[in-house]
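Here is the structure we will look at.
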Amino acid sequence: MPQIVFLPHAKLCPEGAVIEAPAGKSLCDVMLENDIEIEHACEKSCACTTCHVLVREGLESLNEATEKEEDLLDRAWGLEAVSRLSCQAIVGEADLVVEIPKYTINQVSEGSH
């Protein structure tokens, strides 16, 4: 079973986390099932960018991003080449290192940064 290392995030997991997760599950579901309360405003329907993550290691083991996901990612705060929407990123067989960005586009537009 792949091991996912979540880097520390000030609000969502200040200590970071190491979680074993089955292949075939979305990163968003893995986080929510392990008390990492990542925002998912569209209820995981690939209609927003609030669950945006940066996959620092193991990106190539995830399913390929769809055109819809890539179009949405263009609106994500802090977009990088390793960005994925966690509701669409399906865990493969390799270990991962994931960083949750400091802000979401909702927080930036609401002025909470």
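Every chain in the structure tokens has a letter given in the order shown (A, B, ...), and although residue numbers restart at 1 in each chain, ligands are simply numbered from 1 in the order shown.
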
Task: helix (DSSP H, G or I) call set, DSSP backbone run, region 11-97 of chain A, as a PyMOL selection string - done: chain A and resi 27-33+59-61+67-73

Residue subset to file, keeping all heavy atoms, as a short mmCIF file (atom, residue, chain, number, x, y, z; two decimals), in the first residue's frame:
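That gives us part-v4.cif:
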data_model
loop_
_atom_site.label_atom_id
_atom_site.label_comp_id
_atom_site.auth_asym_id
_atom_site.auth_seq_id
_atom_site.Cartn_x
_atom_site.Cartn_y
_atom_site.Cartn_z
N LEU A 27 -6.79 11.59 -3.58
CA LEU A 27 -6.04 12.23 -2.50
C LEU A 27 -6.98 12.97 -1.55
O LEU A 27 -6.78 12.96 -0.34
CB LEU A 27 -5.01 13.21 -3.07
CG LEU A 27 -3.74 12.61 -3.64
CD1 LEU A 27 -2.88 13.68 -4.30
CD2 LEU A 27 -2.94 11.90 -2.55
N CYS A 28 -8.01 13.59 -2.09
CA CYS A 28 -8.98 14.32 -1.27
C CYS A 28 -9.65 13.36 -0.27
O CYS A 28 -9.72 13.65 0.92
CB CYS A 28 -10.02 15.00 -2.16
SG CYS A 28 -11.14 16.10 -1.28
N ASP A 29 -10.12 12.22 -0.75
CA ASP A 29 -10.76 11.25 0.14
C ASP A 29 -9.79 10.74 1.20
O ASP A 29 -10.16 10.59 2.37
CB ASP A 29 -11.33 10.08 -0.65
CG ASP A 29 -12.62 10.45 -1.39
OD1 ASP A 29 -13.29 11.44 -1.01
OD2 ASP A 29 -12.95 9.74 -2.37
N VAL A 30 -8.54 10.50 0.81
CA VAL A 30 -7.53 10.04 1.77
C VAL A 30 -7.36 11.08 2.87
O VAL A 30 -7.35 10.75 4.06
CB VAL A 30 -6.18 9.75 1.08
CG1 VAL A 30 -5.08 9.52 2.10
CG2 VAL A 30 -6.31 8.56 0.13
N MET A 31 -7.25 12.35 2.49
CA MET A 31 -7.08 13.40 3.50
C MET A 31 -8.29 13.49 4.42
O MET A 31 -8.15 13.51 5.64
CB MET A 31 -6.81 14.74 2.83
CG MET A 31 -5.42 14.84 2.25
SD MET A 31 -5.04 16.48 1.59
CE MET A 31 -5.80 16.34 -0.02
N LEU A 32 -9.48 13.54 3.84
CA LEU A 32 -10.69 13.69 4.65
C LEU A 32 -10.88 12.51 5.60
O LEU A 32 -11.29 12.69 6.75
CB LEU A 32 -11.91 13.85 3.74
CG LEU A 32 -11.93 15.15 2.92
CD1 LEU A 32 -13.08 15.11 1.91
CD2 LEU A 32 -12.02 16.38 3.81
N GLU A 33 -10.56 11.30 5.14
CA GLU A 33 -10.70 10.10 5.99
C GLU A 33 -9.67 10.08 7.12
O GLU A 33 -9.79 9.29 8.06
CB GLU A 33 -10.57 8.84 5.14
CG GLU A 33 -11.76 8.63 4.23
CD GLU A 33 -11.53 7.54 3.19
OE1 GLU A 33 -10.48 6.85 3.23
OE2 GLU A 33 -12.40 7.38 2.31
N LEU A 59 4.37 12.19 -8.57
CA LEU A 59 3.34 12.71 -9.48
C LEU A 59 3.05 11.76 -10.63
O LEU A 59 1.89 11.54 -10.99
CB LEU A 59 3.77 14.08 -10.02
CG LEU A 59 2.80 14.76 -10.98
CD1 LEU A 59 1.51 15.16 -10.27
CD2 LEU A 59 3.45 15.99 -11.62
N GLU A 60 4.09 11.15 -11.17
CA GLU A 60 3.92 10.28 -12.35
C GLU A 60 3.11 9.01 -12.04
O GLU A 60 2.61 8.37 -12.95
CB GLU A 60 5.28 9.91 -12.95
CG GLU A 60 6.19 9.13 -12.03
CD GLU A 60 6.84 9.91 -10.89
OE1 GLU A 60 6.93 11.15 -10.95
OE2 GLU A 60 7.25 9.26 -9.90
N SER A 61 2.95 8.67 -10.76
CA SER A 61 2.19 7.47 -10.42
C SER A 61 0.69 7.74 -10.34
O SER A 61 -0.11 6.81 -10.29
CB SER A 61 2.67 6.88 -9.09
OG SER A 61 2.25 7.68 -8.01
N GLU A 67 -8.50 17.21 -19.23
CA GLU A 67 -8.48 18.58 -19.77
C GLU A 67 -9.29 19.51 -18.86
O GLU A 67 -8.89 20.64 -18.61
CB GLU A 67 -9.06 18.57 -21.18
CG GLU A 67 -8.84 19.87 -21.92
CD GLU A 67 -9.27 19.78 -23.38
OE1 GLU A 67 -9.09 18.72 -24.01
OE2 GLU A 67 -9.78 20.79 -23.87
N LYS A 68 -10.40 19.04 -18.34
CA LYS A 68 -11.23 19.84 -17.43
C LYS A 68 -10.45 20.22 -16.18
O LYS A 68 -10.46 21.37 -15.74
CB LYS A 68 -12.50 19.08 -17.07
CG LYS A 68 -13.44 19.85 -16.17
CD LYS A 68 -14.70 19.06 -15.88
CE LYS A 68 -15.63 19.85 -14.97
NZ LYS A 68 -16.85 19.12 -14.64
N GLU A 69 -9.74 19.25 -15.59
CA GLU A 69 -8.94 19.53 -14.40
C GLU A 69 -7.85 20.54 -14.73
O GLU A 69 -7.64 21.49 -13.98
CB GLU A 69 -8.32 18.24 -13.85
CG GLU A 69 -7.45 18.49 -12.62
CD GLU A 69 -6.72 17.26 -12.10
OE1 GLU A 69 -6.95 16.15 -12.62
OE2 GLU A 69 -5.93 17.42 -11.17
N GLU A 70 -7.17 20.37 -15.85
CA GLU A 70 -6.10 21.30 -16.22
C GLU A 70 -6.64 22.71 -16.44
O GLU A 70 -6.01 23.69 -16.05
CB GLU A 70 -5.35 20.79 -17.45
CG GLU A 70 -4.49 19.58 -17.11
CD GLU A 70 -3.74 19.01 -18.29
OE1 GLU A 70 -3.97 19.45 -19.44
OE2 GLU A 70 -2.91 18.12 -18.06
N ASP A 71 -7.83 22.83 -17.04
CA ASP A 71 -8.44 24.14 -17.23
C ASP A 71 -8.74 24.81 -15.88
O ASP A 71 -8.50 26.00 -15.70
CB ASP A 71 -9.73 24.04 -18.05
CG ASP A 71 -9.47 23.73 -19.52
OD1 ASP A 71 -8.30 23.86 -19.97
OD2 ASP A 71 -10.43 23.35 -20.21
N LEU A 72 -9.26 24.04 -14.95
CA LEU A 72 -9.55 24.58 -13.62
C LEU A 72 -8.28 24.97 -12.88
O LEU A 72 -8.22 26.00 -12.21
CB LEU A 72 -10.34 23.57 -12.79
CG LEU A 72 -11.83 23.50 -13.07
CD1 LEU A 72 -12.44 22.29 -12.40
CD2 LEU A 72 -12.52 24.78 -12.61
N LEU A 73 -7.25 24.14 -13.00
CA LEU A 73 -5.99 24.43 -12.30
C LEU A 73 -5.41 25.78 -12.70
O LEU A 73 -4.73 26.42 -11.89
CB LEU A 73 -4.97 23.32 -12.56
CG LEU A 73 -5.12 22.08 -11.69
CD1 LEU A 73 -4.25 20.95 -12.21
CD2 LEU A 73 -4.80 22.38 -10.24
#

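Between Ala23 (chain A) and the residues A:Ala76, A:Ile4, A:Val97, A:Ala41, the shortest atom-to-atom distance, using only C-alpha atoms, involves A:Ile4.
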
Open item on the list: Please extract the residues of region 25-70 of chain A with a backbone DSSP assignment of strand (DSSP E or B) and present them as a PyMOL selection string.
Closed with: chain A and resi 26+52-57

Could you write those residues out with N, CA, C and O atoms, as a PDB file, in the first residue's frame?
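Below is the file that was written, again.pdb:
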ATOM      1  N   SER A  26      -8.961   8.783  -4.209  1.00  0.00           N
ATOM      2  CA  SER A  26      -8.510  10.147  -4.491  1.00  0.00           C
ATOM      3  C   SER A  26      -7.730  10.699  -3.296  1.00  0.00           C
ATOM      4  O   SER A  26      -7.983  10.317  -2.144  1.00  0.00           O
ATOM      5  N   HIS A  52      -6.857  22.043  -4.291  1.00  0.00           N
ATOM      6  CA  HIS A  52      -5.567  22.062  -5.001  1.00  0.00           C
ATOM      7  C   HIS A  52      -4.433  21.619  -4.073  1.00  0.00           C
ATOM      8  O   HIS A  52      -4.349  22.040  -2.923  1.00  0.00           O
ATOM      9  N   VAL A  53      -3.577  20.728  -4.570  1.00  0.00           N
ATOM     10  CA  VAL A  53      -2.378  20.288  -3.847  1.00  0.00           C
ATOM     11  C   VAL A  53      -1.186  20.298  -4.797  1.00  0.00           C
ATOM     12  O   VAL A  53      -1.337  20.336  -6.013  1.00  0.00           O
ATOM     13  N   LEU A  54      -0.005  20.240  -4.208  1.00  0.00           N
ATOM     14  CA  LEU A  54       1.243  20.143  -4.956  1.00  0.00           C
ATOM     15  C   LEU A  54       1.847  18.778  -4.658  1.00  0.00           C
ATOM     16  O   LEU A  54       2.105  18.450  -3.501  1.00  0.00           O
ATOM     17  N   VAL A  55       2.036  17.980  -5.687  1.00  0.00           N
ATOM     18  CA  VAL A  55       2.575  16.629  -5.507  1.00  0.00           C
ATOM     19  C   VAL A  55       4.085  16.721  -5.710  1.00  0.00           C
ATOM     20  O   VAL A  55       4.576  16.751  -6.834  1.00  0.00           O
ATOM     21  N   ARG A  56       4.815  16.791  -4.607  1.00  0.00           N
ATOM     22  CA  ARG A  56       6.262  17.014  -4.640  1.00  0.00           C
ATOM     23  C   ARG A  56       7.043  15.778  -5.072  1.00  0.00           C
ATOM     24  O   ARG A  56       8.121  15.885  -5.638  1.00  0.00           O
ATOM     25  N   GLU A  57       6.512  14.597  -4.781  1.00  0.00           N
ATOM     26  CA  GLU A  57       7.149  13.345  -5.210  1.00  0.00           C
ATOM     27  C   GLU A  57       6.059  12.350  -5.581  1.00  0.00           C
ATOM     28  O   GLU A  57       5.042  12.271  -4.909  1.00  0.00           O
TER      29      GLU A  57
END

Task: Top pick for closest residue to His9 (chain A), considering A:Ala21, A:Cys48, A:Ala81, A:Ile38 and counting only C-alpha atoms - done: A:Ile38
